[in-house]
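Report on the following structure.
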Amino acid sequence: MTALAIIAAAVIVAWALAYYEAGTRLWTIYTAALLAAILYTCGAGQTGWIIAFAIFAVPAVVMNLKTLRSRILTAPIFKAFKAVLPPMTSTEREALEAGDVWWDAEMFRGRPQWNKLLEEHQAPEYTAEEQAFMNKEVNELCAMLDDWKISFEDKDLPPEVWQYMREKKFFAMLIAKEWGGLGFSAYAQSAVVTKISTRSLAAAVTVMVPNSLGPGELLMHYGTEEQKQHWLPGLADGTHIPCFALTGPEAGSDAGAIPDIGIVCEQEYEGKKTLGLKLNFSKRYITLSPVATCVGLAFKLYDPEGLLGDPEKVEYGITCALLPADHPGVDIGKRHFPAGFMNGTIYGEDVFIPIDWIIGGPAKAGGGWRMLVECLSAGRGISLPALSAAASKVAYRMTGAYSRLRRQFKMPIGLFEGIQEANGRIAGYTYKLEAMRALTASAVDVCSPSVVTAIAKYHMTEMMRSVTIDAVDVHGGRAVQQGPRNYLANTHNGVPIAITVEGANILTRNLMIFGQGAIRCHPYVFPEMEAAREDNLGEFDQLFWGHIGFSVNRAIRAFTYALTGSVFASAPVSGPTRKYYKQLTRMSSALAFTSDVTMGVLGGELKRMENLSARLGDILSELYMASAVLKYYYDNGETAEDLPHAQWCVEGSLYNIQKAFEEFFDNFPNRFVARFLKLVVMPLGRSYKRPSDKLNNQIAAMMMEPTALRDRLTNEAYFGTDKDDVTGRMEVAFNELISIEPVYNRFLKAVAKGQAQGLAIAEQLKSAVENKVLTQEEADQIAEFDTLRIDALATDEFTQEYLAGKPIDSIAGQKIA
Ligand SMILES: Cc1cc2nc3c(=O)[nH]c(=O)nc-3n(C[C@H](O)[C@H](O)[C@H](O)COP(=O)(O)OP(=O)(O)OC[C@H]3O[C@@H](n4cnc5c(N)ncnc54)[C@H](O)[C@@H]3O)c2cc1C
């Protein structure tokens, strides 16, 4: 009995020590007490006590005396660690060091402090000036945009739109006020881009580019005072249109491998012998290049003659410079045609530029990669998330309306369960996208989070793809037939653009999210690598043993939560979402533990095993996305309309996490380790289910109702109010249906019962009035609504000449649309 009691007490205390991440001293005291209890229970004699404690003292002293521990235990581990550490190029290192970690680190480290997210990170808001700009300038711009004309007829924005954008400083949202820009927050920039995107992809991309990775941002962060004075006022007032050229035919995703070069040399320039660069480059896919007046250029810098002052250094690495588009030797080539916006090539042969044109001056020679990664980190959290949220807002509002207006088999199609399956996804993803847009953009306002923005870029554009496809499926031919009535086709065609730019999605999922997350978010891995690089055994010793304690702690936590339904996990709220916080904490601990074991077992091999690292990245991403949803739900008053949406999103995330873990364990190469991991993380098997059909159908049904949530979710979007507008005609018909639906349904019932006879609707209405089913006023209302309904469901028709691209003047007078 005593032995059993000692074992039970020993297990409980050990569990508590591991659960609360006790240090070496406490573990030593625990082991000494346990040994004493065992010796006492066994009735050991004095000699037994002396021998046992003498043996115990050896590891106890070694573990507690840092110098001894370093020399005896840590040194061989340090040697082995340095031997397996994959070599890191300076480019990789700069990419890893660039940007900040944020909430991603909390989720990665396995013990999220939820209050940091809910309370410390304020709910984002617009300033009065930003709100006024959204209400006036952005609305005016949206009203000027005819996406069909832009994308099909003109393949360009109208001159008055270009002029309006320049005048109203749409290209200068990120440029500080002191330089004449608008100086908007990332959250406000995101809202502006979102609203424009709901109207025209081409216009949105045109605004996005100068406000994300490009000359404006690079100058603001790294430009010399002289460069700022030279360029920023012109960029702010629209005199200059910028583009940024990194990609070329040989280097897309692997941008660090660009073959474009700049050789430091001296040459006659404006009548003076000048230190500068001779550039040779070939770039493609460059947005705005056909209209750009200044070109941000990335190239590799070489200084074979040591003219920069260091005769030993020839290769400087990626460098960025800013040059006028009409500079001698720069050849802005022809246009590509991805959609209606400007995109093209740029070439340069033996282009000489003064050394001062390097962004940040000669001191920043070779600093280009870091600049690009840092700026990309921020930009990725604004533009593509905005584009994705915009696509979902249009899909949500228009598909909800269409599902109620369009009847087949005598029912609104939105009442069929098959349609509800698709509409539920649209509704859930729209909620998730808006939550992520708000959280990610507001994160960019407080730091430059690199992992969070990679998560947002990948998952938001993938959700955009899903939502757009679902919306097109629900609309059927109405969304297939292209033309000025179709509000979905251009977004659908534009999805691959969002998927490809700013880090193509396959690469982002497989290489970036977990790769960067593991190294940047982990409290020990990067510092351990740094200690190895600096050959600092003392530092490594401290980190290594801390790391062991960390891993054990996360394993114990994950296992305990799994066995107990996460009752011990903390949650910052009460109510229906409390359980979700607890489950996310459990999965966060499980990720921390699994990542540690995986990195320990696979080491540098993991970089090549993209399928495995992608799944760990998916888990980290789902944790972030579910956090964003809970934050959005919390910030918006935890309303009854929000709740089923939040539930759908978080339950979906937990299910996806479970699936990713299962597939990860199934494919982990070391089967013994895989079983051990599975035992710790999922000892009782599966815990989560997909959102139920009932929940899915509930949010799908809400999409067809004029709820307050519908208005909030589509707030940063522009919808026409005129019945001849692309989205306005659906809005007007839907609003009319809502106001007369009881009467309309009475009429349809009368038709079915034979109380409103006739083949055409006019005859049926007349008959319904005669049979006293409807008053004349009601019949008139229905007739009016029916005209709107038919128009809202109609698609475009064109003449052959128009589609063949004949000049519109030559077919004037003919019906084209
Ligand atoms: C419309 C448009 C606008 C653009 N605007 C600009 C601009 O203004 N300035 C600019 O410099 N660039 C611009 N780009 C270029 C853009 O950044 C690149 O297209 C992008 O980096 C991908 O390069 P790529 O198209 O050559 O594809 P590739 O690099 O050839 O990639 C092909 C596929 O391989 C995948 N892949 C590559 N490496 C890996 C890996 N290690 N693991 C897994 N998968 C991998 C990619 O994910 C992708 O699916 C633009 C592109 C487009 C389409």
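Just remember, in the structure tokens the first chain shown is A, the second B, etc., residues are 1-based per chain, and ligands are 1-based in the order shown.
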**OP:** Let me have all residues with an atom within 8 Å of ligand 1, counting only C-alpha atoms and all ligand atoms, laid out as a PyMOL selection string.
**Re:** chain A and resi 209+243-255+283-289+338-339+343+496-498+500-511+610
Could you write those residues out with N, CA, C and O atoms, as a short mmCIF file (atom, residue, chain, number, x, y, z; two decimals), in the first residue's frame?
data_model
loop_
_atom_site.label_atom_id
_atom_site.label_comp_id
_atom_site.auth_asym_id
_atom_site.auth_seq_id
_atom_site.Cartn_x
_atom_site.Cartn_y
_atom_site.Cartn_z
N VAL A 209 -0.58 48.22 -55.85
CA VAL A 209 0.87 48.09 -56.08
C VAL A 209 1.67 49.27 -55.53
O VAL A 209 2.63 49.06 -54.77
N CYS A 243 6.73 51.38 -60.22
CA CYS A 243 6.58 49.93 -60.31
C CYS A 243 7.81 49.33 -59.64
O CYS A 243 8.78 50.04 -59.39
N PHE A 244 7.72 48.06 -59.34
CA PHE A 244 8.89 47.43 -58.73
C PHE A 244 9.21 46.14 -59.47
O PHE A 244 8.36 45.25 -59.61
N ALA A 245 10.47 46.05 -59.95
CA ALA A 245 10.85 44.94 -60.83
C ALA A 245 11.84 44.01 -60.15
O ALA A 245 13.02 44.34 -60.00
N LEU A 246 11.33 42.87 -59.75
CA LEU A 246 12.18 41.82 -59.16
C LEU A 246 12.18 40.59 -60.08
O LEU A 246 13.22 40.10 -60.48
N THR A 247 10.98 40.14 -60.47
CA THR A 247 10.84 38.88 -61.20
C THR A 247 11.39 38.98 -62.62
O THR A 247 11.23 40.00 -63.29
N GLY A 248 12.00 37.90 -63.06
CA GLY A 248 12.46 37.82 -64.45
C GLY A 248 12.18 36.44 -65.00
O GLY A 248 11.68 35.57 -64.28
N PRO A 249 12.53 36.21 -66.27
CA PRO A 249 12.23 34.91 -66.87
C PRO A 249 12.89 33.75 -66.13
O PRO A 249 12.35 32.65 -66.08
N GLU A 250 14.06 33.97 -65.55
CA GLU A 250 14.77 32.86 -64.90
C GLU A 250 14.48 32.74 -63.41
O GLU A 250 14.84 31.76 -62.78
N ALA A 251 13.92 33.76 -62.80
CA ALA A 251 13.72 33.71 -61.35
C ALA A 251 12.37 34.28 -60.98
O ALA A 251 12.11 35.48 -61.14
N GLY A 252 11.49 33.39 -60.51
CA GLY A 252 10.16 33.80 -60.04
C GLY A 252 10.10 33.59 -58.53
O GLY A 252 10.48 34.47 -57.75
N SER A 253 9.70 32.37 -58.14
CA SER A 253 9.65 32.06 -56.70
C SER A 253 11.04 32.15 -56.08
O SER A 253 11.20 32.63 -54.95
N ASP A 254 12.02 31.67 -56.82
CA ASP A 254 13.40 31.68 -56.31
C ASP A 254 14.02 33.04 -56.64
O ASP A 254 14.99 33.14 -57.39
N ALA A 255 13.42 34.08 -56.06
CA ALA A 255 13.80 35.45 -56.45
C ALA A 255 15.25 35.76 -56.07
O ALA A 255 15.88 36.61 -56.69
N LYS A 283 13.34 41.82 -67.02
CA LYS A 283 12.28 41.59 -66.03
C LYS A 283 10.95 41.33 -66.74
O LYS A 283 10.71 41.87 -67.82
N ARG A 284 10.10 40.55 -66.10
CA ARG A 284 8.76 40.34 -66.66
C ARG A 284 7.71 40.33 -65.55
O ARG A 284 8.06 40.27 -64.37
N TYR A 285 6.47 40.37 -65.96
CA TYR A 285 5.30 40.35 -65.05
C TYR A 285 5.20 41.61 -64.18
O TYR A 285 4.57 41.56 -63.11
N ILE A 286 5.80 42.70 -64.56
CA ILE A 286 5.89 43.84 -63.64
C ILE A 286 4.63 44.72 -63.71
O ILE A 286 4.36 45.35 -64.74
N THR A 287 3.91 44.77 -62.61
CA THR A 287 2.66 45.52 -62.57
C THR A 287 2.94 47.02 -62.63
O THR A 287 3.84 47.51 -61.93
N LEU A 288 2.20 47.69 -63.46
CA LEU A 288 2.27 49.13 -63.74
C LEU A 288 3.47 49.52 -64.60
O LEU A 288 3.61 50.69 -64.95
N SER A 289 4.34 48.57 -64.98
CA SER A 289 5.52 48.98 -65.77
C SER A 289 5.14 49.73 -67.05
O SER A 289 5.82 50.72 -67.39
N PRO A 338 -2.70 40.03 -68.05
CA PRO A 338 -3.29 39.15 -67.04
C PRO A 338 -4.77 39.47 -66.78
O PRO A 338 -5.53 38.60 -66.42
N ALA A 339 -5.13 40.72 -66.89
CA ALA A 339 -6.51 41.20 -66.71
C ALA A 339 -6.46 42.64 -67.23
O ALA A 339 -5.54 42.99 -67.95
N ASN A 343 0.57 45.67 -66.87
CA ASN A 343 1.57 44.70 -66.43
C ASN A 343 2.45 44.42 -67.64
O ASN A 343 1.95 44.31 -68.76
N PRO A 496 -6.33 33.24 -60.06
CA PRO A 496 -4.94 32.77 -60.21
C PRO A 496 -3.90 33.87 -60.00
O PRO A 496 -2.76 33.59 -59.62
N ILE A 497 -4.29 35.12 -60.25
CA ILE A 497 -3.34 36.22 -60.02
C ILE A 497 -3.04 36.31 -58.53
O ILE A 497 -1.88 36.35 -58.10
N ALA A 498 -4.11 36.29 -57.74
CA ALA A 498 -3.92 36.37 -56.28
C ALA A 498 -3.14 35.17 -55.76
O ALA A 498 -2.33 35.27 -54.83
N THR A 500 -0.84 33.52 -57.37
CA THR A 500 0.55 33.49 -57.85
C THR A 500 1.44 34.57 -57.25
O THR A 500 2.61 34.31 -56.96
N VAL A 501 0.90 35.79 -57.08
CA VAL A 501 1.79 36.90 -56.71
C VAL A 501 2.14 36.90 -55.21
O VAL A 501 1.50 36.20 -54.44
N GLU A 502 3.13 37.67 -54.86
CA GLU A 502 3.59 37.85 -53.47
C GLU A 502 3.84 36.51 -52.77
O GLU A 502 3.44 36.30 -51.64
N GLY A 503 4.53 35.61 -53.46
CA GLY A 503 4.82 34.28 -52.92
C GLY A 503 3.77 33.30 -53.40
O GLY A 503 2.69 33.21 -52.80
N ALA A 504 4.08 32.58 -54.50
CA ALA A 504 3.08 31.66 -55.07
C ALA A 504 2.62 30.68 -53.99
O ALA A 504 3.40 30.29 -53.13
N ASN A 505 1.33 30.30 -54.08
CA ASN A 505 0.72 29.61 -52.93
C ASN A 505 1.34 28.27 -52.57
O ASN A 505 1.50 27.96 -51.38
N ILE A 506 1.69 27.46 -53.56
CA ILE A 506 2.24 26.13 -53.23
C ILE A 506 3.52 26.34 -52.43
O ILE A 506 3.76 25.70 -51.40
N LEU A 507 4.34 27.24 -52.91
CA LEU A 507 5.61 27.54 -52.21
C LEU A 507 5.33 28.09 -50.81
O LEU A 507 5.96 27.68 -49.83
N THR A 508 4.38 28.99 -50.72
CA THR A 508 4.09 29.62 -49.42
C THR A 508 3.64 28.58 -48.40
O THR A 508 4.10 28.57 -47.26
N ARG A 509 2.77 27.66 -48.85
CA ARG A 509 2.28 26.65 -47.90
C ARG A 509 3.39 25.66 -47.53
O ARG A 509 3.56 25.31 -46.37
N ASN A 510 4.12 25.21 -48.55
CA ASN A 510 5.06 24.11 -48.32
C ASN A 510 6.38 24.53 -47.70
O ASN A 510 7.01 23.75 -46.99
N LEU A 511 6.78 25.74 -48.01
CA LEU A 511 8.14 26.11 -47.59
C LEU A 511 8.16 27.21 -46.54
O LEU A 511 8.98 27.20 -45.64
N GLU A 610 8.50 18.54 -47.86
CA GLU A 610 7.54 19.65 -47.88
C GLU A 610 6.14 19.21 -47.46
O GLU A 610 5.40 19.98 -46.85
#
**OP:** If you run DSSP over the backbone, which residues in stretch 401-454 of chain A end up helix (DSSP H, G or I)? Put them as a PyMOL selection string.
**Re:** chain A and resi 401-405+413-415+417-444+450-454
Subject >> Residue contacts of stretch 219-226 of chain A (6 Å, only C-alpha atoms) excluding same-chain residues fewer than 3 positions away, as JSON, numbers by chain >> reply: {"A": [215, 216, 229, 359, 360]}
Please produce an output containing N, CA, C and O atoms for each residue in the selection, written as a PDB file, in the first residue's frame.
ATOM      1  N   PRO A 215       8.574  51.254 -54.678  1.00  0.00           N
ATOM      2  CA  PRO A 215       9.410  52.411 -54.365  1.00  0.00           C
ATOM      3  C   PRO A 215       8.947  53.221 -53.159  1.00  0.00           C
ATOM      4  O   PRO A 215       9.756  53.598 -52.313  1.00  0.00           O
ATOM      5  N   GLY A 216       7.626  53.501 -53.066  1.00  0.00           N
ATOM      6  CA  GLY A 216       7.140  54.332 -51.959  1.00  0.00           C
ATOM      7  C   GLY A 216       7.507  53.735 -50.611  1.00  0.00           C
ATOM      8  O   GLY A 216       8.080  54.401 -49.741  1.00  0.00           O
ATOM      9  N   GLN A 229      13.413  63.324 -50.565  1.00  0.00           N
ATOM     10  CA  GLN A 229      13.026  64.646 -51.075  1.00  0.00           C
ATOM     11  C   GLN A 229      12.838  64.630 -52.583  1.00  0.00           C
ATOM     12  O   GLN A 229      11.970  65.294 -53.129  1.00  0.00           O
ATOM     13  N   ILE A 359      18.818  52.406 -53.285  1.00  0.00           N
ATOM     14  CA  ILE A 359      17.902  52.839 -52.226  1.00  0.00           C
ATOM     15  C   ILE A 359      18.610  52.735 -50.874  1.00  0.00           C
ATOM     16  O   ILE A 359      19.115  51.673 -50.508  1.00  0.00           O
ATOM     17  N   GLY A 360      18.683  53.852 -50.174  1.00  0.00           N
ATOM     18  CA  GLY A 360      19.437  53.907 -48.913  1.00  0.00           C
ATOM     19  C   GLY A 360      20.893  54.303 -49.144  1.00  0.00           C
ATOM     20  O   GLY A 360      21.669  54.367 -48.189  1.00  0.00           O
TER      21      GLY A 360
END
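For the set A:Asp666, A:Glu801, A:Asp642, A:Asp331, the residue with the smallest atom-to-atom gap to A:Pro576 is A:Asp642, counting only C-alpha atoms.
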Original post:
Which residue out of A:Gly515, A:Gly234, A:Gly256, A:Pro706 has the minimum interatomic distance to A:Leu372 when only C-alpha atoms are used?
Top reply: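 The closest residue to A:Leu372 is A:Gly256.
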